[in-house]
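query.cif (mmCIF, C-alpha atoms)
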data_data
loop_
_atom_site.group_PDB
_atom_site.id
_atom_site.type_symbol
_atom_site.label_atom_id
_atom_site.label_comp_id
_atom_site.auth_asym_id
_atom_site.auth_seq_id
_atom_site.Cartn_x
_atom_site.Cartn_y
_atom_site.Cartn_z
ATOM 1 C CA MET A 250 -134.112 -54.627 49.391
ATOM 2 C CA TRP A 251 -136.888 -53.591 51.746
ATOM 3 C CA LYS A 252 -136.397 -56.610 54.022
ATOM 4 C CA PRO A 253 -132.795 -55.762 55.025
ATOM 5 C CA LEU A 254 -133.807 -52.129 55.498
ATOM 6 C CA ALA A 255 -136.772 -53.059 57.675
ATOM 7 C CA ARG A 256 -134.579 -55.388 59.721
ATOM 8 C CA SER A 257 -132.032 -52.600 60.205
ATOM 9 C CA VAL A 258 -134.699 -50.130 61.357
ATOM 10 C CA ILE A 259 -136.273 -52.626 63.765
ATOM 11 C CA THR A 260 -132.872 -53.525 65.197
ATOM 12 C CA GLU A 261 -132.054 -49.879 65.808
ATOM 13 C CA VAL A 262 -135.417 -49.199 67.478
ATOM 14 C CA VAL A 263 -135.083 -52.213 69.769
ATOM 15 C CA HIS A 264 -131.500 -51.247 70.597
ATOM 16 C CA ARG A 265 -132.697 -47.847 71.862
ATOM 17 C CA LEU A 266 -135.391 -49.288 74.144
ATOM 18 C CA PRO A 267 -134.739 -49.355 77.910
ATOM 19 C CA PRO A 268 -134.068 -52.820 79.410
ATOM 20 C CA ALA A 269 -137.531 -53.132 80.956
ATOM 21 C CA ALA A 270 -139.195 -52.377 77.623
ATOM 22 C CA LYS A 271 -136.969 -54.920 75.880
ATOM 23 C CA ARG A 272 -138.080 -57.604 78.336
ATOM 24 C CA VAL A 273 -141.747 -56.766 77.783
ATOM 25 C CA LEU A 274 -141.216 -56.918 74.020
ATOM 26 C CA LEU A 275 -139.389 -60.239 74.315
ATOM 27 C CA HIS A 276 -142.199 -61.818 76.352
ATOM 28 C CA ALA A 277 -144.796 -60.503 73.908
ATOM 29 C CA LEU A 278 -142.908 -61.899 70.930
ATOM 30 C CA SER A 279 -142.376 -65.256 72.662
ATOM 31 C CA ALA A 280 -146.093 -65.586 73.339
ATOM 32 C CA ASP A 281 -146.944 -64.677 69.754
ATOM 33 C CA VAL A 282 -144.500 -66.975 67.948
ATOM 34 C CA ALA A 283 -146.417 -69.586 65.973
ATOM 35 C CA ALA A 284 -145.897 -73.200 67.012
ATOM 36 C CA ASP A 285 -144.516 -74.167 63.603
ATOM 37 C CA THR A 286 -141.794 -71.499 63.727
ATOM 38 C CA ALA A 287 -140.974 -71.409 67.438
ATOM 39 C CA TYR A 288 -138.254 -74.042 67.164
ATOM 40 C CA GLU A 289 -136.615 -72.149 64.304
ATOM 41 C CA VAL A 290 -136.519 -69.083 66.538
ATOM 42 C CA LEU A 291 -134.906 -71.183 69.273
ATOM 43 C CA GLN A 292 -132.309 -72.448 66.799
ATOM 44 C CA ALA A 293 -131.496 -68.935 65.620
ATOM 45 C CA LEU A 294 -131.074 -67.696 69.190
ATOM 46 C CA GLY A 295 -128.965 -70.717 70.089
ATOM 47 C CA ARG A 296 -126.652 -70.225 67.139
ATOM 48 C CA SER A 297 -126.144 -66.584 68.062
ATOM 49 C CA PHE A 298 -124.872 -67.695 71.483
ATOM 50 C CA GLY A 299 -122.756 -70.577 70.196
ATOM 51 C CA ILE A 300 -125.052 -73.278 71.572
ATOM 52 C CA THR A 301 -124.658 -76.623 69.810
ATOM 53 C CA ASP A 302 -126.333 -79.179 72.105
ATOM 54 C CA ILE A 303 -129.684 -79.026 73.880
ATOM 55 C CA ARG A 304 -131.777 -81.349 76.026
ATOM 56 C CA VAL A 305 -135.510 -81.800 75.575
ATOM 57 C CA LEU A 306 -137.949 -83.317 78.074
ATOM 58 C CA GLY A 307 -140.654 -85.460 76.481
ATOM 59 C CA ASP A 308 -142.535 -88.748 76.786
ATOM 60 C CA TYR A 309 -139.313 -90.772 76.484
ATOM 61 C CA GLY A 310 -137.415 -88.765 79.103
ATOM 62 C CA LEU A 311 -134.765 -86.072 78.977
ATOM 63 C CA VAL A 312 -133.077 -86.440 75.592
ATOM 64 C CA GLU A 313 -129.968 -84.680 74.309
ATOM 65 C CA GLY A 314 -129.262 -83.827 70.693
ATOM 66 C CA ALA A 315 -127.923 -81.242 68.279
ATOM 67 C CA LEU A 316 -129.657 -77.880 68.184
ATOM 68 C CA ALA A 317 -129.115 -77.877 64.399
ATOM 69 C CA ASP A 318 -131.291 -80.974 63.950
ATOM 70 C CA SER A 319 -134.514 -79.719 62.391
ATOM 71 C CA SER A 320 -136.075 -83.164 62.126
ATOM 72 C CA ILE A 321 -135.858 -85.738 64.912
ATOM 73 C CA LEU A 322 -135.013 -83.574 67.917
ATOM 74 C CA ALA A 323 -137.215 -80.741 66.628
ATOM 75 C CA THR A 324 -140.175 -83.117 66.356
ATOM 76 C CA TYR A 325 -139.517 -84.420 69.857
ATOM 77 C CA ALA A 326 -139.464 -80.848 71.146
ATOM 78 C CA ARG A 327 -142.736 -79.981 69.398
ATOM 79 C CA THR A 328 -144.703 -83.182 70.074
ATOM 80 C CA ARG A 329 -142.792 -84.854 72.943
ATOM 81 C CA ARG A 330 -142.655 -88.052 70.866
ATOM 82 C CA TRP A 331 -140.950 -89.595 67.836
ATOM 83 C CA ALA A 332 -142.009 -92.539 65.633
ATOM 84 C CA ALA A 333 -144.971 -92.955 67.947
ATOM 85 C CA GLY A 334 -146.801 -95.439 65.713
ATOM 86 C CA THR A 335 -143.920 -97.899 65.392
ATOM 87 C CA ASN A 336 -142.915 -97.512 69.041
ATOM 88 C CA ARG A 337 -146.457 -98.249 70.168
ATOM 89 C CA ILE A 338 -146.716 -101.377 68.014
ATOM 90 C CA VAL A 339 -143.401 -102.756 69.285
ATOM 91 C CA ASP A 340 -144.263 -101.907 72.887
ATOM 92 C CA ALA A 341 -147.665 -103.591 72.553
ATOM 93 C CA PHE A 342 -145.954 -106.700 71.160
ATOM 94 C CA PHE A 343 -143.736 -106.977 74.234
ATOM 95 C CA ASP A 344 -146.811 -106.518 76.440
ATOM 96 C CA ARG A 345 -147.608 -110.128 75.586
ATOM 97 C CA HIS A 346 -144.168 -111.445 76.553
ATOM 98 C CA GLU A 347 -142.091 -111.283 79.724
ATOM 99 C CA ARG A 348 -138.792 -110.915 77.914
ATOM 100 C CA GLY A 349 -137.192 -110.910 74.489
ATOM 101 C CA THR A 350 -134.710 -109.097 72.233
ATOM 102 C CA TYR A 351 -135.109 -105.783 70.447
ATOM 103 C CA ILE A 352 -132.666 -104.800 67.689
ATOM 104 C CA ASP A 353 -132.788 -101.150 66.618
ATOM 105 C CA VAL A 354 -130.944 -100.607 63.328
ATOM 106 C CA GLY A 355 -130.613 -96.874 62.779
ATOM 107 C CA ALA A 356 -131.190 -95.890 66.394
ATOM 108 C CA ASN A 357 -130.156 -92.250 65.914
ATOM 109 C CA ILE A 358 -130.284 -90.454 69.316
ATOM 110 C CA GLY A 359 -132.322 -93.207 70.967
ATOM 111 C CA LEU A 360 -135.959 -92.234 70.526
ATOM 112 C CA THR A 361 -136.826 -95.665 69.110
ATOM 113 C CA THR A 362 -134.688 -97.500 71.659
ATOM 114 C CA ILE A 363 -135.556 -95.846 74.971
ATOM 115 C CA PRO A 364 -139.329 -96.543 74.948
ATOM 116 C CA ILE A 365 -138.696 -100.277 74.538
ATOM 117 C CA ALA A 366 -135.637 -100.435 76.816
ATOM 118 C CA ARG A 367 -137.792 -99.301 79.719
ATOM 119 C CA ARG A 368 -138.768 -102.970 79.855
ATOM 120 C CA GLY A 369 -135.798 -104.250 81.817
ATOM 121 C CA ALA A 370 -136.263 -107.858 80.719
ATOM 122 C CA VAL A 371 -135.955 -106.989 77.021
ATOM 123 C CA ALA A 372 -132.356 -107.085 75.800
ATOM 124 C CA CYS A 373 -131.813 -104.185 73.400
ATOM 125 C CA LYS A 374 -129.127 -103.728 70.748
ATOM 126 C CA ALA A 375 -128.927 -100.268 69.164
ATOM 127 C CA PHE A 376 -126.887 -99.546 66.007
ATOM 128 C CA GLU A 377 -125.916 -96.015 64.940
ATOM 129 C CA PRO A 378 -123.027 -95.286 62.534
ATOM 130 C CA GLU A 379 -122.613 -91.486 62.750
ATOM 131 C CA PRO A 380 -120.112 -90.682 65.547
ATOM 132 C CA ALA A 381 -121.710 -87.496 66.936
ATOM 133 C CA THR A 382 -125.189 -89.021 66.854
ATOM 134 C CA PHE A 383 -123.811 -92.145 68.526
ATOM 135 C CA ARG A 384 -122.491 -90.031 71.394
ATOM 136 C CA TYR A 385 -125.980 -88.606 71.911
ATOM 137 C CA LEU A 386 -127.387 -92.126 71.753
ATOM 138 C CA THR A 387 -125.099 -93.448 74.478
ATOM 139 C CA ARG A 388 -125.780 -90.442 76.728
ATOM 140 C CA ASN A 389 -129.527 -90.727 76.276
ATOM 141 C CA VAL A 390 -129.514 -94.458 76.947
ATOM 142 C CA HIS A 391 -127.476 -93.886 80.107
ATOM 143 C CA GLN A 392 -129.867 -91.114 81.196
ATOM 144 C CA ASN A 393 -133.120 -92.941 80.520
ATOM 145 C CA CYS A 394 -132.529 -96.716 80.617
ATOM 146 C CA ALA A 395 -131.934 -97.610 84.257
ATOM 147 C CA ALA A 396 -131.971 -101.383 83.720
ATOM 148 C CA GLY A 397 -128.664 -101.370 81.845
ATOM 149 C CA ASN A 398 -130.161 -103.619 79.168
ATOM 150 C CA VAL A 399 -128.950 -101.734 76.077
ATOM 151 C CA GLU A 400 -125.858 -102.542 74.026
ATOM 152 C CA THR A 401 -124.843 -99.806 71.595
ATOM 153 C CA TYR A 402 -122.824 -100.284 68.402
ATOM 154 C CA ASN A 403 -121.126 -97.432 66.542
ATOM 155 C CA LEU A 404 -121.205 -98.941 63.067
ATOM 156 C CA ALA A 405 -123.302 -99.250 59.930
ATOM 157 C CA LEU A 406 -124.983 -102.531 59.128
ATOM 158 C CA TYR A 407 -124.371 -103.527 55.535
ATOM 159 C CA ASP A 408 -124.025 -106.543 53.236
ATOM 160 C CA GLN A 409 -120.269 -106.858 53.812
ATOM 161 C CA ARG A 410 -117.627 -106.042 56.376
ATOM 162 C CA GLY A 411 -115.331 -103.062 55.872
ATOM 163 C CA SER A 412 -115.932 -99.335 55.721
ATOM 164 C CA VAL A 413 -118.428 -97.227 53.807
ATOM 165 C CA ALA A 414 -118.755 -93.600 52.750
ATOM 166 C CA PHE A 415 -121.396 -91.888 54.849
ATOM 167 C CA GLU A 416 -122.981 -88.575 53.858
ATOM 168 C CA LEU A 417 -124.282 -86.089 56.427
ATOM 169 C CA ALA A 418 -127.414 -84.011 55.886
ATOM 170 C CA ASP A 419 -127.191 -80.341 56.846
ATOM 171 C CA ASP A 420 -130.249 -80.019 59.080
ATOM 172 C CA ASN A 421 -132.260 -83.250 58.887
ATOM 173 C CA PHE A 422 -130.106 -85.415 61.124
ATOM 174 C CA GLY A 423 -132.399 -88.349 60.441
ATOM 175 C CA ASP A 424 -131.253 -88.353 56.805
ATOM 176 C CA HIS A 425 -127.564 -89.180 57.246
ATOM 177 C CA ARG A 426 -126.961 -92.180 55.004
ATOM 178 C CA ILE A 427 -124.531 -94.491 53.273
ATOM 179 C CA ARG A 428 -123.292 -93.067 49.961
ATOM 180 C CA ARG A 429 -123.037 -95.220 46.857
ATOM 181 C CA VAL A 430 -123.170 -92.448 44.220
ATOM 182 C CA ASP A 431 -121.920 -88.869 44.354
ATOM 183 C CA HIS A 432 -124.180 -87.254 41.755
ATOM 184 C CA ASP A 433 -126.804 -84.844 42.991
ATOM 185 C CA GLY A 434 -130.322 -85.928 43.779
ATOM 186 C CA SER A 435 -133.553 -84.514 45.144
ATOM 187 C CA PHE A 436 -131.943 -83.460 48.435
ATOM 188 C CA GLY A 437 -128.710 -81.861 47.271
ATOM 189 C CA GLU A 438 -126.734 -84.961 48.218
ATOM 190 C CA ALA A 439 -123.665 -84.007 46.160
ATOM 191 C CA ARG A 440 -123.029 -81.050 48.480
ATOM 192 C CA ARG A 441 -123.112 -83.063 51.673
ATOM 193 C CA ARG A 442 -120.064 -83.638 53.825
ATOM 194 C CA VAL A 443 -118.849 -87.235 53.627
ATOM 195 C CA ILE A 444 -117.116 -89.275 56.334
ATOM 196 C CA THR A 445 -116.063 -92.917 56.535
ATOM 197 C CA VAL A 446 -117.664 -95.296 59.033
ATOM 198 C CA PRO A 447 -117.074 -98.972 59.828
ATOM 199 C CA ALA A 448 -119.578 -101.488 58.462
ATOM 200 C CA GLU A 449 -120.488 -105.026 59.492
ATOM 201 C CA ARG A 450 -123.030 -107.685 58.566
ATOM 202 C CA LEU A 451 -125.803 -108.091 61.127
ATOM 203 C CA ASP A 452 -125.371 -111.868 61.083
ATOM 204 C CA ASP A 453 -121.678 -111.442 61.940
ATOM 205 C CA VAL A 454 -122.364 -109.128 64.880
ATOM 206 C CA VAL A 455 -125.358 -110.935 66.305
ATOM 207 C CA ASN A 456 -125.793 -114.710 66.567
ATOM 208 C CA ALA A 457 -129.441 -115.398 65.794
ATOM 209 C CA ALA A 458 -129.378 -118.699 67.683
ATOM 210 C CA GLN A 459 -128.295 -116.992 70.909
ATOM 211 C CA LEU A 460 -130.944 -114.260 70.992
ATOM 212 C CA ALA A 461 -133.586 -114.463 73.692
ATOM 213 C CA PRO A 462 -136.947 -114.895 71.953
ATOM 214 C CA PRO A 463 -139.118 -113.334 70.803
ATOM 215 C CA VAL A 464 -136.980 -111.121 68.586
ATOM 216 C CA VAL A 465 -138.151 -107.768 67.209
ATOM 217 C CA VAL A 466 -136.118 -105.793 64.663
ATOM 218 C CA LYS A 467 -136.624 -102.179 63.593
ATOM 219 C CA ILE A 468 -134.745 -100.937 60.513
ATOM 220 C CA ASP A 469 -134.586 -97.301 59.441
ATOM 221 C CA THR A 470 -131.418 -96.764 57.420
ATOM 222 C CA GLN A 471 -132.427 -94.221 54.758
ATOM 223 C CA GLY A 472 -132.343 -96.608 51.837
ATOM 224 C CA ALA A 473 -129.832 -99.216 53.038
ATOM 225 C CA GLU A 474 -132.577 -101.656 54.077
ATOM 226 C CA CYS A 475 -131.811 -104.071 51.212
ATOM 227 C CA HIS A 476 -128.150 -104.182 52.256
ATOM 228 C CA VAL A 477 -129.086 -104.743 55.902
ATOM 229 C CA LEU A 478 -131.298 -107.631 54.773
ATOM 230 C CA CYS A 479 -128.560 -109.215 52.668
ATOM 231 C CA GLY A 480 -126.179 -109.118 55.626
ATOM 232 C CA GLY A 481 -128.719 -110.194 58.218
ATOM 233 C CA ARG A 482 -130.989 -112.835 56.743
ATOM 234 C CA ALA A 483 -130.545 -115.253 59.652
ATOM 235 C CA VAL A 484 -131.411 -112.673 62.312
ATOM 236 C CA LEU A 485 -134.340 -111.262 60.349
ATOM 237 C CA ALA A 486 -135.733 -114.716 59.570
ATOM 238 C CA ALA A 487 -135.652 -115.482 63.308
ATOM 239 C CA ALA A 488 -137.601 -112.338 64.172
ATOM 240 C CA ALA A 489 -141.226 -112.549 65.267
ATOM 241 C CA LEU A 490 -141.810 -108.928 64.243
ATOM 242 C CA VAL A 491 -139.919 -106.599 61.897
ATOM 243 C CA ALA A 492 -140.605 -102.900 61.336
ATOM 244 C CA PHE A 493 -138.866 -101.095 58.500
ATOM 245 C CA GLU A 494 -139.061 -97.950 56.432
ATOM 246 C CA PHE A 495 -139.872 -98.468 52.758
ATOM 247 C CA TRP A 496 -138.507 -95.539 50.733
ATOM 248 C CA PRO A 497 -138.108 -96.377 47.033
ATOM 249 C CA TYR A 498 -136.028 -93.268 46.249
ATOM 250 C CA GLY A 499 -133.513 -94.075 48.994
ATOM 251 C CA LEU A 500 -133.398 -97.775 48.132
ATOM 252 C CA ARG A 501 -132.625 -97.116 44.482
ATOM 253 C CA ARG A 502 -130.052 -94.428 45.226
ATOM 254 C CA LEU A 503 -128.095 -96.993 47.217
ATOM 255 C CA GLY A 504 -128.412 -99.568 44.457
ATOM 256 C CA GLY A 505 -131.119 -101.593 46.177
ATOM 257 C CA ASP A 506 -134.153 -103.201 44.593
ATOM 258 C CA PRO A 507 -137.483 -102.681 46.377
ATOM 259 C CA ASP A 508 -138.577 -106.083 45.089
ATOM 260 C CA THR A 509 -135.877 -107.685 47.263
ATOM 261 C CA LEU A 510 -137.680 -106.539 50.394
ATOM 262 C CA ALA A 511 -141.104 -107.469 49.033
ATOM 263 C CA THR A 512 -139.920 -110.979 48.149
ATOM 264 C CA PHE A 513 -138.230 -111.512 51.503
ATOM 265 C CA ILE A 514 -141.259 -110.595 53.580
ATOM 266 C CA ALA A 515 -143.570 -112.611 51.314
ATOM 267 C CA THR A 516 -141.538 -115.770 51.899
ATOM 268 C CA THR A 517 -140.725 -115.231 55.599
ATOM 269 C CA PHE A 518 -143.746 -113.705 57.353
ATOM 270 C CA SER A 519 -147.475 -114.383 57.431
ATOM 271 C CA ARG A 520 -149.073 -110.959 57.877
ATOM 272 C CA GLY A 521 -148.249 -107.297 57.737
ATOM 273 C CA ALA A 522 -149.466 -103.719 57.875
ATOM 274 C CA VAL A 523 -148.515 -100.471 56.165
ATOM 275 C CA LEU A 524 -148.528 -97.124 57.964
ATOM 276 C CA ALA A 525 -148.124 -93.690 56.449
ATOM 277 C CA GLY A 526 -144.651 -92.483 57.420
ATOM 278 C CA ASP A 527 -144.317 -91.276 61.019
ATOM 279 C CA VAL A 528 -148.062 -91.512 61.682
ATOM 280 C CA ASP A 529 -149.412 -92.847 64.983
ATOM 281 C CA ALA A 530 -152.169 -95.062 63.599
ATOM 282 C CA THR A 531 -153.601 -98.447 64.493
ATOM 283 C CA PRO A 532 -152.211 -101.052 62.088
ATOM 284 C CA VAL A 533 -154.626 -102.866 59.801
ATOM 285 C CA TRP A 534 -153.199 -106.374 59.488
ATOM 286 C CA ARG A 535 -153.469 -108.111 56.120
ATOM 287 C CA PRO A 536 -152.075 -111.331 54.596
ATOM 288 C CA ILE A 537 -148.424 -110.918 53.712
ATOM 289 C CA SER A 538 -149.100 -111.550 50.014
ATOM 290 C CA VAL A 539 -151.322 -108.463 49.964
ATOM 291 C CA ILE A 540 -148.644 -106.348 51.668
ATOM 292 C CA ALA A 541 -145.883 -107.538 49.325
ATOM 293 C CA ALA A 542 -148.010 -106.782 46.262
ATOM 294 C CA TRP A 543 -148.885 -103.351 47.641
ATOM 295 C CA LEU A 544 -145.191 -102.513 48.193
ATOM 296 C CA ARG A 545 -144.281 -103.559 44.654
ATOM 297 C CA ASP A 546 -147.045 -101.355 43.282
ATOM 298 C CA PHE A 547 -146.056 -98.458 45.566
ATOM 299 C CA ALA A 548 -142.417 -98.663 44.426
ATOM 300 C CA SER A 549 -143.441 -98.759 40.776
ATOM 301 C CA GLN A 550 -145.913 -95.869 40.914
ATOM 302 C CA ARG A 551 -143.744 -93.649 43.162
ATOM 303 C CA ARG A 552 -140.472 -94.326 41.380
ATOM 304 C CA ASP A 553 -139.708 -90.634 40.895
ATOM 305 C CA ALA A 554 -141.409 -89.356 44.057
ATOM 306 C CA ALA A 555 -138.506 -88.529 46.372
ATOM 307 C CA TYR A 556 -140.724 -87.866 49.381
ATOM 308 C CA ALA A 557 -142.887 -90.994 49.069
ATOM 309 C CA TYR A 558 -142.303 -93.515 51.828
ATOM 310 C CA CYS A 559 -144.161 -95.621 54.368
ATOM 311 C CA ASP A 560 -143.533 -97.715 57.457
ATOM 312 C CA VAL A 561 -144.075 -101.455 57.192
ATOM 313 C CA ILE A 562 -144.719 -103.927 60.008
ATOM 314 C CA VAL A 563 -144.513 -107.675 59.344
ATOM 315 C CA ALA A 564 -145.067 -110.563 61.715
ATOM 316 C CA GLN A 565 -144.702 -114.352 61.774
#
What does the file become when written as structure tokens?
Amino acid sequence: MWKPLARSVITEVVHRLPPAAKRVLLHALSADVAADTAYEVLQALGRSFGITDIRVLGDYGLVEGALADSSILATYARTRRWAAGTNRIVDAFFDRHERGTYIDVGANIGLTTIPIARRGAVACKAFEPEPATFRYLTRNVHQNCAAGNVETYNLALYDQRGSVAFELADDNFGDHRIRRVDHDGSFGEARRRVITVPAERLDDVVNAAQLAPPVVVKIDTQGAECHVLCGGRAVLAAAALVAFEFWPYGLRRLGGDPDTLATFIATTFSRGAVLAGDVDATPVWRPISVIAAWLRDFASQRRDAAYAYCDVIVAQ
């Protein structure tokens, strides 16, 4: 009870201050807001004024997104980067080649597409199923990719053509995902709003034989990675480098088997590296058999750990 009362008293005191004193108080509070809560303050202020979209200037340019996104855009605002480790590895790969193809599956608002698309000779294909997020993606690509080398696709990649139910997270806009079950889970999934989005197989959208080599594929689909693999084996087998998120909870919720991914990489690639999720670290390359065994063990030991995930890089 004391919190609402205190808030009421503070509000009344501030209301009675003269304008100059209010400005001084505002500047003092702004300077004193902790870094980990500053964005939440910005969101609260924005909501009070009916602001829904904002633009943030960072290492990948001026990027637009939803103010309500407390994950991807918030991280970009705080750190000026997103998925820095994976982006750096992919960028370093293309350092050794004059041209090639980059396929970004789960491109979101473009923060894993734009850094690579700055290389005008690399043909980029970015897939994002959620309509509002896709609009941000296309705007951000137009704003930051002057070479015009990015094709965008507003659809989900899956193991069959058609349409799929797609659930929307309330504030983590990086956790929108395909829905296979409607019972609740560790993230309150049953309460999420659900829309329908078109779905295609990667191999039906992209002809592996016509891609300019070398091919790099990044997959971050919140548990649909097994389905993307099943619908895109030809493209993925033709890739020189593949980066994907390995999240056992998400894979199993969508009916996928983590062993499917482990088996595929073990029989297709020669080496790999595992990074802690969203960490900018130098990859330690190991034989692919070691990586596949590690992933199987990780999936078995973290079966009930909803927040356990890692980023995996594999190469020919």
Proximity check region 537-563 of chain A to region 481-500 of chain A, 6 Å, nearest pairs one decimal Å, all atoms listed in the file, as a tab-separated table:
residue	atom	partner	partner_atom	distance
A:Ala548	CA	A:Pro497	CA	5.5
A:Ala555	CA	A:Tyr498	CA	5.3
A:Tyr558	CA	A:Trp496	CA	4.4
A:Cys559	CA	A:Phe495	CA	5.4
A:Asp560	CA	A:Glu494	CA	4.6
A:Val561	CA	A:Phe493	CA	5.4
A:Ile562	CA	A:Ala492	CA	4.4
A:Val563	CA	A:Val491	CA	5.4
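Taking all atoms listed in the file into account, Val371 (chain A) lies nearest to A:Val464 out of the set A:Ile540, A:Val305, A:Val464, A:Leu503.
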query = Pick the closest to Leu306 (chain A) from A:Thr286, A:Gln392, A:Thr362, A:Thr382: which is it, counting only C-alpha atoms?
reply = A:Gln392
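Proximity to Val465 (chain A) was assessed for A:Thr509, A:Ser412, A:Thr335, A:Ser519 counting all atoms listed in the file; the smallest distance is recorded for A:Thr335.
The space separating CA of Gly349 (chain A) from CA of Ser538 (chain A) comes to 27.2 Å.
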task = For the file shown, report as a ChimeraX atom specification the outcome of the PyMOL selection byres ((chain A and resi 331) around 8) at residue level.
result = /A:321,324-325,328-330,332-333,360-361,527
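Considering all atoms listed in the file, the residue among A:Leu478, A:Arg368, A:Val528, A:Arg304 positioned nearest to Gly334 (chain A) is A:Val528.
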message = Counting all atoms listed in the file, which residue out of A:Leu294, A:Ile338, A:Ala405, A:Leu451 sits closest to Asn357 (chain A)?
response =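 Using all atoms listed in the file, the shortest distance to Asn357 (chain A) belongs to A:Ala405.
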inquiry  = I want to know what sits within 12 Å of Ala439 (chain A), based on only C-alpha atoms, with residues of the same chain fewer than 2 positions away left out; could you give that as a ChimeraX atom specification?
reply    = /A:415-419,428-437,441-443
key: Atom pair CA of Val454 (chain A) / CA of Pro378 (chain A): separation (Å)   = 14.1 Å
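Residues matched by the PyMOL selection byres ((chain A and resi 533-537) around 8) in this file: Ile514, Ala515, Phe518, Ser519, Arg520, Gly521, Ala522, Val523, Thr531, Pro532, Ser538, Val539, Ile540, Ala541 and Val563 of chain A.
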task = May I ask for the distance between CA of Ala366 (chain A) and CA of Asp340 (chain A), given in Å to one decimal place?
result = 9.6 Å
